[in-house]
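Some notes on the structure that comes next.
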Amino acid sequence: QLQLVESGGGLVQPGGSLRLSCAASGFTLENYVIGWFRQAPGKEREGVSCISSRGSSTNYADSVKGRFTISRDNAKNTVYLQLNSLKPEDTAVYYCAAGDRGRVPVRGSRWHDQVLYDYWGQGTQVTVSS
């Protein structure tokens, strides 16, 4: 059974940090581009960041550039998203997704196109509040 499982979410004060993890089971992540997406209450799901299959290329939404960092450890079959300098507007459910490395243009304008991603996790809640 192919599965992605996110973890690491929680409640944090503004300015704080969290590290989200996305672990795969049933398949090898190294063949896939991994994207992180988020959905805030009442809003559409949006792309946050993505990373190429070997970790050599990344991309970020403008709203998180300089604050979030995506990385991966293929030996552990896990991708991470480090969230720093968190703001209340970062509050959302965060999802990871896997897309074929031949289809998702990590450095292109469509990296956040959700139809390009084949497998999705169930999400982890991040709440930024004082």
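Residues are named by chain letter and number: chains run A, B, ... in the order of the structure tokens, numbers start at 1 in each chain, and ligands are numbered from 1 in the order shown.
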
DSSP-assigned strand (DSSP E or B) among region 3-95 of chain A, expressed as a PyMOL selection string: chain A and resi 3-7+10-12+18-25+32-39+46-51+58-60+68-73+78-83+92-95

Could you save those same residues with C-alpha atoms as an mmCIF file, in the first residue's frame?
```cif
data_model
loop_
_atom_site.group_PDB
_atom_site.id
_atom_site.type_symbol
_atom_site.label_atom_id
_atom_site.label_comp_id
_atom_site.auth_asym_id
_atom_site.auth_seq_id
_atom_site.Cartn_x
_atom_site.Cartn_y
_atom_site.Cartn_z
ATOM 1 C CA GLN A 3 1.241 5.877 1.652
ATOM 2 C CA LEU A 4 2.591 9.274 2.676
ATOM 3 C CA VAL A 5 2.382 10.273 6.307
ATOM 4 C CA GLU A 6 3.015 13.800 7.566
ATOM 5 C CA SER A 7 4.008 14.588 11.135
ATOM 6 C CA GLY A 10 1.358 21.599 16.311
ATOM 7 C CA LEU A 11 0.648 24.874 18.050
ATOM 8 C CA VAL A 12 3.438 27.454 18.034
ATOM 9 C CA LEU A 18 8.446 23.653 13.502
ATOM 10 C CA ARG A 19 9.847 20.859 11.392
ATOM 11 C CA LEU A 20 7.402 18.811 9.389
ATOM 12 C CA SER A 21 8.229 15.347 8.133
ATOM 13 C CA CYS A 22 6.786 13.386 5.242
ATOM 14 C CA ALA A 23 7.513 9.674 5.395
ATOM 15 C CA ALA A 24 6.690 7.202 2.655
ATOM 16 C CA SER A 25 5.746 3.577 2.923
ATOM 17 C CA TYR A 32 9.618 11.384 -6.993
ATOM 18 C CA VAL A 33 9.458 15.110 -6.720
ATOM 19 C CA ILE A 34 7.941 15.962 -3.359
ATOM 20 C CA GLY A 35 5.768 18.975 -2.833
ATOM 21 C CA TRP A 36 4.407 20.567 0.298
ATOM 22 C CA PHE A 37 1.010 22.220 0.120
ATOM 23 C CA ARG A 38 -1.208 23.873 2.694
ATOM 24 C CA GLN A 39 -4.859 24.709 3.117
ATOM 25 C CA GLU A 46 -1.815 26.172 -2.261
ATOM 26 C CA GLY A 47 1.724 25.127 -3.041
ATOM 27 C CA VAL A 48 4.365 25.906 -0.443
ATOM 28 C CA SER A 49 7.534 24.265 -1.708
ATOM 29 C CA CYS A 50 8.899 21.379 -3.733
ATOM 30 C CA ILE A 51 12.151 19.478 -4.068
ATOM 31 C CA THR A 58 13.955 23.415 -4.835
ATOM 32 C CA ASN A 59 11.243 25.992 -5.240
ATOM 33 C CA TYR A 60 9.163 28.056 -2.837
ATOM 34 C CA PHE A 68 10.838 27.781 5.099
ATOM 35 C CA THR A 69 13.401 25.226 3.955
ATOM 36 C CA ILE A 70 12.667 21.946 2.224
ATOM 37 C CA SER A 71 15.089 19.028 2.348
ATOM 38 C CA ARG A 72 15.091 15.278 1.902
ATOM 39 C CA ASP A 73 16.879 12.190 3.119
ATOM 40 C CA THR A 78 11.617 11.090 4.229
ATOM 41 C CA VAL A 79 11.230 14.718 3.189
ATOM 42 C CA TYR A 80 11.282 17.607 5.627
ATOM 43 C CA LEU A 81 9.932 21.126 5.728
ATOM 44 C CA GLN A 82 11.568 23.449 8.259
ATOM 45 C CA LEU A 83 9.247 26.309 9.182
ATOM 46 C CA ALA A 92 -3.134 25.655 7.863
ATOM 47 C CA VAL A 93 -3.213 21.939 7.312
ATOM 48 C CA TYR A 94 0.037 21.006 5.592
ATOM 49 C CA TYR A 95 0.152 18.178 3.079
#
```

Option closest in space to Gly121 (chain A), from A:Ala98, A:Asp90, A:Val106, A:Ala61 [counting only C-alpha atoms]: A:Ala98

d(CA of Val64 (chain A), CA of Gly123 (chain A)) in Å: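 Taking CA of Val64 (chain A) as the start and CA of Gly123 (chain A) as the end point, the length is 18.4 Å.
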
Long-range neighbours of Leu116 (chain A) as a list in words, 8 Å cut-off, only C-alpha atoms, 4 positions minimum in chain: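 Contacts, in chain order: Gly99, Asp100, Arg103 and Val104 of chain A.
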
From A:Leu29, A:Ala75, A:Leu86, A:Ala40, residue lying nearest Gln125 (chain A) [only C-alpha atoms]: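 Between A:Leu29, A:Ala75, A:Leu86, A:Ala40, the residue approaching Gln125 (chain A) most closely is A:Ala40.
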
Nearest residue to Gly55 (chain A) from the set A:Arg101, A:Gly108, A:Gly26, A:Lys87 (distances using only C-alpha atoms):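 Of all the options, A:Arg101 lies closest to Gly55 (chain A).
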
Pairwise distance for CA of Asn74 (chain A) and CA of Leu2 (chain A), rounded to one decimal in Å: 16.1 Å

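Counting only C-alpha atoms and comparing A:Thr28, A:Ser63, A:Ser57, A:Ser17, the residue that lies closest to Val128 (chain A) is A:Ser17.
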
Residue list (helix (DSSP H, G or I), DSSP) for chain A, as a PyMOL selection string: chain A and resi 29-31+74-76+88-90+114-116
